[in-house]
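A short write-up of the structure that comes next.
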Number of protein chains: 6
Amino acid sequence: MPVLSDVISALDTLWPRAWAQDWDAVGTVCGDPDAEVSRVLFAVDPVREIADEAVAVGADLLVTHHPLYLRGTSTVAADTFKGRVVHTLITNGVALHVAHTNADIADPGVSDALAAALDLRVTGPLAPDPADREGRRGLGRLCALDRPMTLAAFAEHAAARLPATAQGVRASGDPDRPVRTVAVSGGAGDSLFAEVRAAGADAYLTADLRHHPASEAREHAPVALLDAAHWATEWPWCQQAAAQLDAVSERRGWGLRTQVSHRVTDPWILHQPSPSPRVSHPAP
Amino acid sequence: MPVLSDVISALDTLWPRAWAQDWDAVGTVCGDPDAEVSRVLFAVDPVREIADEAVAVGADLLVTHHPLYLRGTSTVAADTFKGRVVHTLITNGVALHVAHTNADIADPGVSDALAAALDLRVTGPLAPDPADREGRRGLGRLCALDRPMTLAAFAEHAAARLPATAQGVRASGDPDRPVRTVAVSGGAGDSLFAEVRAAGADAYLTADLRHHPASEAREHAPVALLDAAHWATEWPWCQQAAAQLDAVSERRGWGLRTQVSHRVTDPWILHQPSPSPRVSHPAP
Amino acid sequence: MPVLSDVISALDTLWPRAWAQDWDAVGTVCGDPDAEVSRVLFAVDPVREIADEAVAVGADLLVTHHPLYLRGTSTVAADTFKGRVVHTLITNGVALHVAHTNADIADPGVSDALAAALDLRVTGPLAPDPADREGRRGLGRLCALDRPMTLAAFAEHAAARLPATAQGVRASGDPDRPVRTVAVSGGAGDSLFAEVRAAGADAYLTADLRHHPASEAREHAPVALLDAAHWATEWPWCQQAAAQLDAVSERRGWGLRTQVSHRVTDPWILHQPSPSPRVSHPAP
Amino acid sequence: MPVLSDVISALDTLWPRAWAQDWDAVGTVCGDPDAEVSRVLFAVDPVREIADEAVAVGADLLVTHHPLYLRGTSTVAADTFKGRVVHTLITNGVALHVAHTNADIADPGVSDALAAALDLRVTGPLAPDPADREGRRGLGRLCALDRPMTLAAFAEHAAARLPATAQGVRASGDPDRPVRTVAVSGGAGDSLFAEVRAAGADAYLTADLRHHPASEAREHAPVALLDAAHWATEWPWCQQAAAQLDAVSERRGWGLRTQVSHRVTDPWILHQPSPSPRVSHPAP
Amino acid sequence: MPVLSDVISALDTLWPRAWAQDWDAVGTVCGDPDAEVSRVLFAVDPVREIADEAVAVGADLLVTHHPLYLRGTSTVAADTFKGRVVHTLITNGVALHVAHTNADIADPGVSDALAAALDLRVTGPLAPDPADREGRRGLGRLCALDRPMTLAAFAEHAAARLPATAQGVRASGDPDRPVRTVAVSGGAGDSLFAEVRAAGADAYLTADLRHHPASEAREHAPVALLDAAHWATEWPWCQQAAAQLDAVSERRGWGLRTQVSHRVTDPWILHQPSPSPRVSHPAP
Amino acid sequence: MPVLSDVISALDTLWPRAWAQDWDAVGTVCGDPDAEVSRVLFAVDPVREIADEAVAVGADLLVTHHPLYLRGTSTVAADTFKGRVVHTLITNGVALHVAHTNADIADPGVSDALAAALDLRVTGPLAPDPADREGRRGLGRLCALDRPMTLAAFAEHAAARLPATAQGVRASGDPDRPVRTVAVSGGAGDSLFAEVRAAGADAYLTADLRHHPASEAREHAPVALLDAAHWATEWPWCQQAAAQLDAVSERRGWGLRTQVSHRVTDPWILHQPSPSPRVSHPAP
């Protein structure tokens, strides 16, 4: 049976820490390098209910996409919710490892899993990593649809294929406009509008778009926008990541048991439509 | 008939520029101080279709909540969409004036109009302006419901009372939890979570909440969250503002004609629910 | 007849925006890319009387050396003098384009025109642009006189050859010292003293030299200094630039009519000598 | 006979170092506190010829307005011109003391001496020091003329009353405009335009005005500008300062001999008018 | 029996966190607020051997003077020595609480314990906290000796009274100079030289003095310096702090058992004198 | 006989100023480039007693390792101790030249002299200068012992071989651990711990190590530490430097007389051991 440092080593090969953005905080958050590891749980968010689930299923290692401490801390005391997570994990012998922007940029990475969930064919990275001579790594993915759909049809398709959430999918643009090429970026994507425009994509699917960036992007160019739950755009990566670790485990005869949490950690659990949204653009 | 500088003077009395945040850019964006003003249009966003509407209705002055140039520019050339707005306005003799965070903080301000639209009773500012000895000005508003509702019922109420948008209202929290006190803040509200917790409000209704701030706020404390369209939370202010200018006009015998744009400038014009959002928290 | 974007394209070829210093603000300030252009006025300063002249002569485009907004603005309202210029131009359909440090560094550039006005033979740039492998572009120019003159004679020559201004030319150094090589830099030149010393020029002609830099430069090394009106050192570029655009127009059959403003925008319109300046260095 | 520290003490009482601006470097630059002082020379600039004059006249102390090292140095080696000054002074037992912005702000200060030289009646500081409750200290001075003059006449008056320099006085504004109130500021004055406008002065006399600040000031408001040699606007202070130290010396029975250098350290020693400056504003 | 949050509350009353310097990181580092506390260990350094001692003695809470994470961290993984400490503590149910500059500034504080160990009579703080109107709190302490000693005798006294370390005490100054007043500051004290000079103390005892600050302080003024082991100057505080918590425990009937670690965590465990240090100042 | 500029030129060839760290202040501090130089004194610190010694021995040039003004100054007045040094030197015609981090990094440099004093064989730089292709220059040196010693024996050896000081040598680590490789760095060395660990040295000898860096270095890795007097680690360089200048003088027939000051400028002149330092690590 491998020890934690063996498994971390394997994860660091899949998603090298040096690939993370400067502002990011990836890597191992807690855990003893010499502890044995037999069960690994993958999830998007290192929140309390996920930590509890890791304990409940007997995991030795929890791998999440989001950092627990994105900004440095000088305390892990259990009177904060993050410190409580640390206490729960250490007390129960569960390690925590984070693969965030290093997993975004990897090949395959978070947006590859998103594209696969949406049945899109990836043609390349949206913001290529200049350090990758082969041009495969980078943030976001440019994709092609095998058959064009209208924006309305593509929004319906996305809502059906992504993990179900209360908030669903919202879209901006002419509903009848044909969509042939789509840029996708798992998680908050409002820093990549310039790349989307430069790529000439018909639509951009991502999450956490706010009024001003979305509105300015629409004023600037005719690209359609689709905004899904942040969690839903990144959850497909958990399955892809678990499969990657399974392959390593098999190759090395580790016998790891991996599993993916199905707990929805999108905070929005209710959605209430406006009574009559269809008449939203009245004539002046 | 008043000239532009007279009307601007009146607006500056309602929402003094010195009340704006340091980073903000409020005041008159274009217009000739000596031009006569007979018709004034109010809107949330200074986008192209609103500029066109101002021209179409024969307005001499457009008052918006959002700045055109939040960050400084050295060009207003018409090959950018913002420069195009400037050209349209100047060529057609329409002035543009912005009241943004100075209108947020005013009494009455943007969140008073939001509270009124929601039938809430305001009990004070959420983040009081330390410069206001009377304790009435500030960002956001704390409010009471005359009768408690569950969170689910309050979400339905909010969706029904706010201007209709495609995206509707999403909520986070126990649907059956009773809501007696609500903090509201028109526009993007994720910088006021500490004040919401300090005030002990049962729920917080605002806009543009992203995954991480919302998720951390929920982990941190049991306050329920409601997220509406940014535009929808600020549009009620347009009517309030128009009424305030009407009162000034009447007092001074100006005979101004004011009107509020009903054009929805929320970028999200489609919403597609997930096929089965109700089962969003499955057992592991 | 070309439209504005055609002409701007030609100007950007002459003086690419990427050549401007980081702190500069060059390019098109106002104007509609689709408007037709038949008459172009060149001037040093985008001040109100130049804007009025552009309107009076029926120009569709005003090209100036100095930026209107060197630092960003969030308002072009006509209650500021710069906003008034914008209103005058847009209302009368006149575009404004700025070529500042990109025109300084170009080959030919502002200092080439200055050298030509002074009958000097250019031998190379004073501060070569490291990006130019041919070594022709850069700030300032090093020049040779065909026949040496004393400093006093060269000052007289400069005053006679530069556009006339009330302030004339002032000089520092031994009046009888022979001048064989001269560094010139159109506009404010006190940031280039190190380059002048390194080049070993006998004299440096520029503008806007203040007491401390000039005094320290004189203490540091025996180079003579000549200080002319800022406007006078840059105005020759207007004629050079107009001729460059004429050549483009002819090549493309555009039929543009170009002209250069002769209005002196140097602010100093009076000069009063001291009663007895000749005895300025009395014996101790 | 007093020692250096006694005299410095007296100077620090006249112009306390704490009154200097944050960026300034005032106080004693070199000298032994215990050395006896019998002769003191005052000058504007601590340049080599002034140091030589101090040695030649047998001064024990040189007091200048301008700092030798405004920015800090880690060397006073004599292979730089400033280090050479330090070596000359220390080798010959001459101390150097600087009173710069602390002398500007004092009452009486540099601009009082300038006003007196111009026969102007001081009515108060231009930029009052908020720390002075009596409202007498500050940068610059506001003054009244006993009889109004035209700007042209006032320029002629200024050139006649200020110490003679090769560059004389230049002016901006309508030559026939009557001047009743004048703001004056010894030395480079382009940071005080806002105060000049706020004071409503008819004219502003200072030094080292460059094209852009002067041009923008003229576009902004109708105030007339006069620009004299930096040295000439500060030299009158040397006589005032010497008289102040004479008074202290007499009171304490020190028997100091003070004198003021008449050496002109304005770098500009030649001025060459344009051949025909009168026709500088041709009709368009 | 109290729970952790009760005990922390008491510690925060003794040394309020708000009293810490801006750059400091004080408070609870790990621990569950609801865990019962019966035994508390005090120590200077949160290093591995101290954590092991806390486990060995059955402590529920470790209170140290030095922070574990002075700068923020995003990982407590056990492959770093600090993370190993966190794992050891959490796994064994030991909380860690830090009182650093808030304990320095308190009354009584770290330097009071140091003064008491040295038999000095405290007369006031060395750098008074401006927020304390009574003038008792602050960094360092000014002290008087009941009978003057020579510097040599005082150094011998200090070495005898402070906890024994391999490095002993070093001193700078005239060995025969009488010492009547002493400034003391527990820990690294080279930021308080200006206060020591202003107070006119005969000697300054602190730790971690480096060559340049010590040398410059000696050139600047005749104050004698004594430099002891950092650990030895702060260890007396542990006993003082334990006694303070004992008093609280008794008052509240908590029955806490407190103890102080006697483990020397000064890193220097060997000292080798120069063969002949007495002849260190030979005649030239 | 050479003049100062000749000798400085030679020193700049040995220790080019461009090799100094960005924050450093090296080069000539005072002196006349044309003065003749016949006698040169080398010392570590430019303090008053060293300046007096330079005068007493009739030196024309004093070369020190430490800068007089590491941070810039605007005054060399003799009422500060550094200004007094400048006055003493200039009045007596003694120049001062500083070779600090440029001498640290040179080959041979400060740490080569330190290694030689310790009888260590240098194998390369500790922190190689990336600009040196041959890999010989850099901060610190890696060394080998010809025969392994225990840490205790090596500490005794170091104390015996370094110039004698009151403080001697302190060490951290297992006294019986064999030492085969040593990193050395003259002066304060706590910025090079990472390089020491990377090099895998058994011990690190340097100066001015404070509690926190030393303690953390020991927690981090098993490298032993030795801390000597800052002055004692740099004094050997003075002899090496004097010999280098002698060689130049001989080559050029200058006939310079060089000498090294034996005055100990380590501020610590007393050392008092703890009564019983051997029992410093009691069992818990």
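Going by the structure tokens order, chains are called A, B, ..., each with residues numbered from 1, while ligands are numbered from 1 in the order shown.
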
ask   = What's the 8 Å shell around segment 242-251 of chain C, counting only C-alpha atoms, without same-chain residues fewer than 3 positions away, as a PyMOL selection string?
value = chain C and resi 10-11+42+238-239+254-260

Distance limit 8 Å, atoms considered: only C-alpha atoms. Which chain A residues sit that close to chain E? Return them as number ranges by chain. A: 25, 27-33, 68-79, 83-84, 87, 90-91

For those residues, write N, CA and C atoms to a file as a PDB file, in the first residue's frame.
```pdb
ATOM      1  N   ALA A  25      -2.699  28.862  -4.430  1.00  0.00           N
ATOM      2  CA  ALA A  25      -2.121  28.137  -3.293  1.00  0.00           C
ATOM      3  C   ALA A  25      -2.489  26.674  -3.449  1.00  0.00           C
ATOM      4  N   GLY A  27      -1.269  22.347  -3.705  1.00  0.00           N
ATOM      5  CA  GLY A  27      -0.416  21.379  -3.008  1.00  0.00           C
ATOM      6  C   GLY A  27      -1.108  20.789  -1.797  1.00  0.00           C
ATOM      7  N   THR A  28      -0.313  20.162  -0.951  1.00  0.00           N
ATOM      8  CA  THR A  28      -0.841  19.436   0.193  1.00  0.00           C
ATOM      9  C   THR A  28      -1.112  20.384   1.351  1.00  0.00           C
ATOM     10  N   VAL A  29      -2.326  20.385   1.879  1.00  0.00           N
ATOM     11  CA  VAL A  29      -2.713  21.298   2.958  1.00  0.00           C
ATOM     12  C   VAL A  29      -2.488  20.662   4.321  1.00  0.00           C
ATOM     13  N   CYS A  30      -2.794  19.372   4.433  1.00  0.00           N
ATOM     14  CA  CYS A  30      -2.486  18.682   5.681  1.00  0.00           C
ATOM     15  C   CYS A  30      -2.281  17.202   5.387  1.00  0.00           C
ATOM     16  N   GLY A  31      -1.718  16.500   6.352  1.00  0.00           N
ATOM     17  CA  GLY A  31      -1.460  15.081   6.152  1.00  0.00           C
ATOM     18  C   GLY A  31      -0.016  14.725   6.463  1.00  0.00           C
ATOM     19  N   ASP A  32       0.183  13.474   6.845  1.00  0.00           N
ATOM     20  CA  ASP A  32       1.503  12.980   7.232  1.00  0.00           C
ATOM     21  C   ASP A  32       2.080  12.214   6.043  1.00  0.00           C
ATOM     22  N   PRO A  33       3.262  12.603   5.563  1.00  0.00           N
ATOM     23  CA  PRO A  33       3.790  11.971   4.350  1.00  0.00           C
ATOM     24  C   PRO A  33       3.991  10.464   4.482  1.00  0.00           C
ATOM     25  N   LEU A  68      -8.143  25.421   0.303  1.00  0.00           N
ATOM     26  CA  LEU A  68      -8.770  25.761   1.576  1.00  0.00           C
ATOM     27  C   LEU A  68      -8.329  27.157   1.990  1.00  0.00           C
ATOM     28  N   TYR A  69      -7.040  27.393   1.899  1.00  0.00           N
ATOM     29  CA  TYR A  69      -6.488  28.705   2.266  1.00  0.00           C
ATOM     30  C   TYR A  69      -5.843  29.332   1.039  1.00  0.00           C
ATOM     31  N   LEU A  70      -6.624  30.094   0.290  1.00  0.00           N
ATOM     32  CA  LEU A  70      -6.054  30.736  -0.892  1.00  0.00           C
ATOM     33  C   LEU A  70      -5.090  31.822  -0.444  1.00  0.00           C
ATOM     34  N   ARG A  71      -5.463  32.557   0.596  1.00  0.00           N
ATOM     35  CA  ARG A  71      -4.541  33.527   1.193  1.00  0.00           C
ATOM     36  C   ARG A  71      -3.985  32.882   2.453  1.00  0.00           C
ATOM     37  N   GLY A  72      -2.768  33.202   2.783  1.00  0.00           N
ATOM     38  CA  GLY A  72      -2.109  32.578   3.918  1.00  0.00           C
ATOM     39  C   GLY A  72      -2.842  32.831   5.226  1.00  0.00           C
ATOM     40  N   THR A  73      -2.695  31.889   6.154  1.00  0.00           N
ATOM     41  CA  THR A  73      -3.297  32.017   7.467  1.00  0.00           C
ATOM     42  C   THR A  73      -2.215  31.810   8.518  1.00  0.00           C
ATOM     43  N   SER A  74      -2.412  32.382   9.701  1.00  0.00           N
ATOM     44  CA  SER A  74      -1.498  32.053  10.800  1.00  0.00           C
ATOM     45  C   SER A  74      -2.223  31.242  11.863  1.00  0.00           C
ATOM     46  N   THR A  75      -3.437  30.799  11.564  1.00  0.00           N
ATOM     47  CA  THR A  75      -4.181  29.990  12.525  1.00  0.00           C
ATOM     48  C   THR A  75      -5.024  28.936  11.835  1.00  0.00           C
ATOM     49  N   VAL A  76      -5.050  27.722  12.418  1.00  0.00           N
ATOM     50  CA  VAL A  76      -6.002  26.714  11.960  1.00  0.00           C
ATOM     51  C   VAL A  76      -6.906  26.314  13.128  1.00  0.00           C
ATOM     52  N   ALA A  77      -7.067  27.236  14.095  1.00  0.00           N
ATOM     53  CA  ALA A  77      -7.897  26.939  15.258  1.00  0.00           C
ATOM     54  C   ALA A  77      -9.325  26.597  14.833  1.00  0.00           C
ATOM     55  N   ALA A  78      -9.957  25.711  15.570  1.00  0.00           N
ATOM     56  CA  ALA A  78     -11.250  25.174  15.161  1.00  0.00           C
ATOM     57  C   ALA A  78     -12.405  26.131  15.437  1.00  0.00           C
ATOM     58  N   ASP A  79     -12.130  27.352  15.865  1.00  0.00           N
ATOM     59  CA  ASP A  79     -13.231  28.309  16.006  1.00  0.00           C
ATOM     60  C   ASP A  79     -13.486  29.060  14.704  1.00  0.00           C
ATOM     61  N   GLY A  83     -10.557  26.203   9.982  1.00  0.00           N
ATOM     62  CA  GLY A  83      -9.792  25.505  11.008  1.00  0.00           C
ATOM     63  C   GLY A  83     -10.522  24.243  11.452  1.00  0.00           C
ATOM     64  N   ARG A  84     -11.843  24.325  11.515  1.00  0.00           N
ATOM     65  CA  ARG A  84     -12.630  23.134  11.867  1.00  0.00           C
ATOM     66  C   ARG A  84     -12.401  22.030  10.851  1.00  0.00           C
ATOM     67  N   HIS A  87      -9.041  20.477  11.633  1.00  0.00           N
ATOM     68  CA  HIS A  87      -9.099  19.602  12.799  1.00  0.00           C
ATOM     69  C   HIS A  87      -9.793  18.291  12.471  1.00  0.00           C
ATOM     70  N   ILE A  90      -7.267  16.221  10.256  1.00  0.00           N
ATOM     71  CA  ILE A  90      -6.072  15.703  10.940  1.00  0.00           C
ATOM     72  C   ILE A  90      -6.467  14.690  12.020  1.00  0.00           C
ATOM     73  N   THR A  91      -7.513  15.017  12.785  1.00  0.00           N
ATOM     74  CA  THR A  91      -7.936  14.116  13.847  1.00  0.00           C
ATOM     75  C   THR A  91      -8.323  12.745  13.294  1.00  0.00           C
TER      76      THR A  91
END
```

_For the structure I just gave you, how does DSSP split segment 18-173 of chain B - specifically, which residues are helix (DSSP H, G or I)? Reply as a ChimeraX atom specification._
/B:18-19,48-56,81-91,101-105,110-117,151-161

Could you take the residues named above and write them with N, CA and C atoms, as a compact mmCIF listing (two decimals), in the first residue's frame?
```
# COMPACT_ATOMS: atom_id res chain seq x y z
N ALA B 18 -19.13 64.34 -3.48
CA ALA B 18 -18.15 64.03 -2.44
C ALA B 18 -18.54 62.78 -1.65
N TRP B 19 -19.81 62.34 -1.80
CA TRP B 19 -20.24 61.12 -1.10
C TRP B 19 -19.80 59.85 -1.82
N ARG B 48 -25.30 51.45 -25.44
CA ARG B 48 -25.68 52.06 -26.70
C ARG B 48 -27.20 52.14 -26.90
N GLU B 49 -27.91 51.07 -26.52
CA GLU B 49 -29.34 51.12 -26.77
C GLU B 49 -30.04 52.14 -25.88
N ILE B 50 -29.45 52.43 -24.72
CA ILE B 50 -30.02 53.48 -23.88
C ILE B 50 -29.71 54.85 -24.46
N ALA B 51 -28.51 55.03 -24.99
CA ALA B 51 -28.18 56.30 -25.65
C ALA B 51 -29.12 56.53 -26.82
N ASP B 52 -29.37 55.46 -27.59
CA ASP B 52 -30.29 55.58 -28.73
C ASP B 52 -31.69 55.94 -28.26
N GLU B 53 -32.12 55.34 -27.15
CA GLU B 53 -33.44 55.66 -26.62
C GLU B 53 -33.51 57.12 -26.19
N ALA B 54 -32.43 57.62 -25.57
CA ALA B 54 -32.40 59.02 -25.15
C ALA B 54 -32.60 59.93 -26.35
N VAL B 55 -31.91 59.59 -27.46
CA VAL B 55 -32.07 60.39 -28.67
C VAL B 55 -33.50 60.27 -29.19
N ALA B 56 -34.00 59.04 -29.19
CA ALA B 56 -35.33 58.79 -29.78
C ALA B 56 -36.43 59.53 -29.04
N PHE B 81 -17.05 51.00 -28.13
CA PHE B 81 -18.49 51.16 -27.92
C PHE B 81 -18.78 52.30 -26.96
N LYS B 82 -17.88 52.59 -26.05
CA LYS B 82 -18.12 53.72 -25.16
C LYS B 82 -17.94 55.05 -25.89
N GLY B 83 -16.95 55.11 -26.76
CA GLY B 83 -16.77 56.32 -27.54
C GLY B 83 -17.96 56.54 -28.46
N ARG B 84 -18.51 55.46 -29.00
CA ARG B 84 -19.69 55.57 -29.85
C ARG B 84 -20.84 56.20 -29.05
N VAL B 85 -21.00 55.79 -27.79
CA VAL B 85 -22.04 56.38 -26.94
C VAL B 85 -21.79 57.89 -26.78
N VAL B 86 -20.53 58.27 -26.53
CA VAL B 86 -20.21 59.70 -26.39
C VAL B 86 -20.56 60.45 -27.67
N HIS B 87 -20.17 59.89 -28.83
CA HIS B 87 -20.46 60.57 -30.08
C HIS B 87 -21.96 60.72 -30.31
N THR B 88 -22.70 59.62 -30.04
CA THR B 88 -24.16 59.68 -30.22
C THR B 88 -24.75 60.79 -29.35
N LEU B 89 -24.30 60.83 -28.08
CA LEU B 89 -24.88 61.81 -27.17
C LEU B 89 -24.51 63.24 -27.56
N ILE B 90 -23.21 63.49 -27.80
CA ILE B 90 -22.80 64.87 -28.09
C ILE B 90 -23.40 65.34 -29.41
N THR B 91 -23.37 64.47 -30.41
CA THR B 91 -23.91 64.86 -31.72
C THR B 91 -25.39 65.22 -31.63
N THR B 101 -22.10 55.54 -6.53
CA THR B 101 -22.04 55.25 -5.10
C THR B 101 -22.51 56.44 -4.25
N ASN B 102 -22.50 57.63 -4.84
CA ASN B 102 -23.10 58.75 -4.10
C ASN B 102 -24.62 58.58 -4.01
N ALA B 103 -25.23 57.93 -4.99
CA ALA B 103 -26.66 57.63 -4.88
C ALA B 103 -26.90 56.40 -4.02
N ASP B 104 -25.94 55.50 -3.98
CA ASP B 104 -26.08 54.33 -3.09
C ASP B 104 -26.17 54.79 -1.63
N ILE B 105 -25.31 55.74 -1.29
CA ILE B 105 -25.13 56.12 0.11
C ILE B 105 -26.16 57.15 0.57
N VAL B 110 -30.24 54.13 -3.33
CA VAL B 110 -30.57 53.01 -4.21
C VAL B 110 -31.23 51.87 -3.42
N SER B 111 -30.71 51.59 -2.23
CA SER B 111 -31.25 50.46 -1.48
C SER B 111 -32.59 50.79 -0.82
N ASP B 112 -32.88 52.06 -0.62
CA ASP B 112 -34.23 52.42 -0.16
C ASP B 112 -35.26 52.09 -1.23
N ALA B 113 -34.90 52.41 -2.48
CA ALA B 113 -35.83 52.10 -3.56
C ALA B 113 -36.00 50.59 -3.70
N LEU B 114 -34.90 49.86 -3.52
CA LEU B 114 -34.97 48.39 -3.59
C LEU B 114 -35.87 47.85 -2.48
N ALA B 115 -35.68 48.36 -1.25
CA ALA B 115 -36.49 47.92 -0.13
C ALA B 115 -37.97 48.23 -0.38
N ALA B 116 -38.25 49.41 -0.93
CA ALA B 116 -39.63 49.79 -1.19
C ALA B 116 -40.26 48.85 -2.22
N ALA B 117 -39.48 48.51 -3.26
CA ALA B 117 -40.00 47.60 -4.28
C ALA B 117 -40.35 46.25 -3.66
N LEU B 151 -37.88 31.30 3.88
CA LEU B 151 -36.97 31.74 2.83
C LEU B 151 -37.57 31.46 1.45
N ALA B 152 -38.19 30.31 1.30
CA ALA B 152 -38.78 29.96 0.01
C ALA B 152 -39.86 30.96 -0.38
N ALA B 153 -40.66 31.33 0.59
CA ALA B 153 -41.73 32.29 0.30
C ALA B 153 -41.15 33.66 0.00
N PHE B 154 -40.09 34.03 0.71
CA PHE B 154 -39.51 35.35 0.47
C PHE B 154 -38.85 35.42 -0.91
N ALA B 155 -38.25 34.30 -1.32
CA ALA B 155 -37.66 34.26 -2.66
C ALA B 155 -38.75 34.44 -3.71
N GLU B 156 -39.88 33.79 -3.49
CA GLU B 156 -40.98 33.92 -4.45
C GLU B 156 -41.51 35.36 -4.47
N HIS B 157 -41.62 35.94 -3.28
CA HIS B 157 -42.07 37.32 -3.15
C HIS B 157 -41.11 38.25 -3.89
N ALA B 158 -39.80 38.05 -3.69
CA ALA B 158 -38.80 38.92 -4.33
C ALA B 158 -38.89 38.82 -5.84
N ALA B 159 -39.01 37.59 -6.34
CA ALA B 159 -39.09 37.41 -7.79
C ALA B 159 -40.34 38.09 -8.35
N ALA B 160 -41.40 38.11 -7.56
CA ALA B 160 -42.63 38.72 -8.04
C ALA B 160 -42.59 40.24 -7.99
N ARG B 161 -41.86 40.79 -7.04
CA ARG B 161 -41.89 42.25 -6.87
C ARG B 161 -40.79 42.98 -7.63
```

(Q) With distances taken over only C-alpha atoms, which residue among B:Gly140, B:Pro16, B:Pro267, B:Pro130 lies nearest Leu209 of chain A? (A)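 Of all the options, B:Pro267 lies closest to Leu209 of chain A.
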
- Task: Excluding Trp235 of chain D and residues on its chain fewer than 5 positions from it, collect all residues at most 10 Å away from it, counting only C-alpha atoms, and give them as a PyMOL selection string.
- Result: chain D and resi 42-45+65+110+113-114+117+162-163+186-187+230+240+260-262+264-265

Check: Can you list, as a PyMOL selection string, every protein, DNA or RNA residue that comes within 12 Å of segment 188-194 of chain D when you count only C-alpha atoms, leaving out same-chain residues fewer than 2 positions away?
Finding: (chain C and resi 209-212) or (chain D and resi 66+101+104+111+125-128+138-142+183-186+196-201+203-218+220-234)

Polymer residues at most 9 Å from Pro148 of chain F, only C-alpha atoms, same-chain spacing of 4 or more positions, as a list in words:
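Everything that qualifies: Ala144, Phe154, Pro178, Val179, Arg180 and Thr181 of chain F.
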
Determine which residues of segment 85-270 of chain C DSSP labels as strand (DSSP E or B) from the backbone of this structure, then write them out as a PyMOL selection string.
chain C and resi 95-98+121-128+138-150+169-172+178-188+203-207+224-228+257-260+270

*Near-Pro2 of chain D list (6 Å; only C-alpha atoms; drop same-chain fewer than 4 positions) as a ChimeraX atom specification*: /D:6,36-37

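For the residues B:Asp176, B:Glu134, B:Val63, B:Ala241, ranking by smallest atom-to-atom distance to Leu270 of chain A using only C-alpha atoms places B:Asp176 first.
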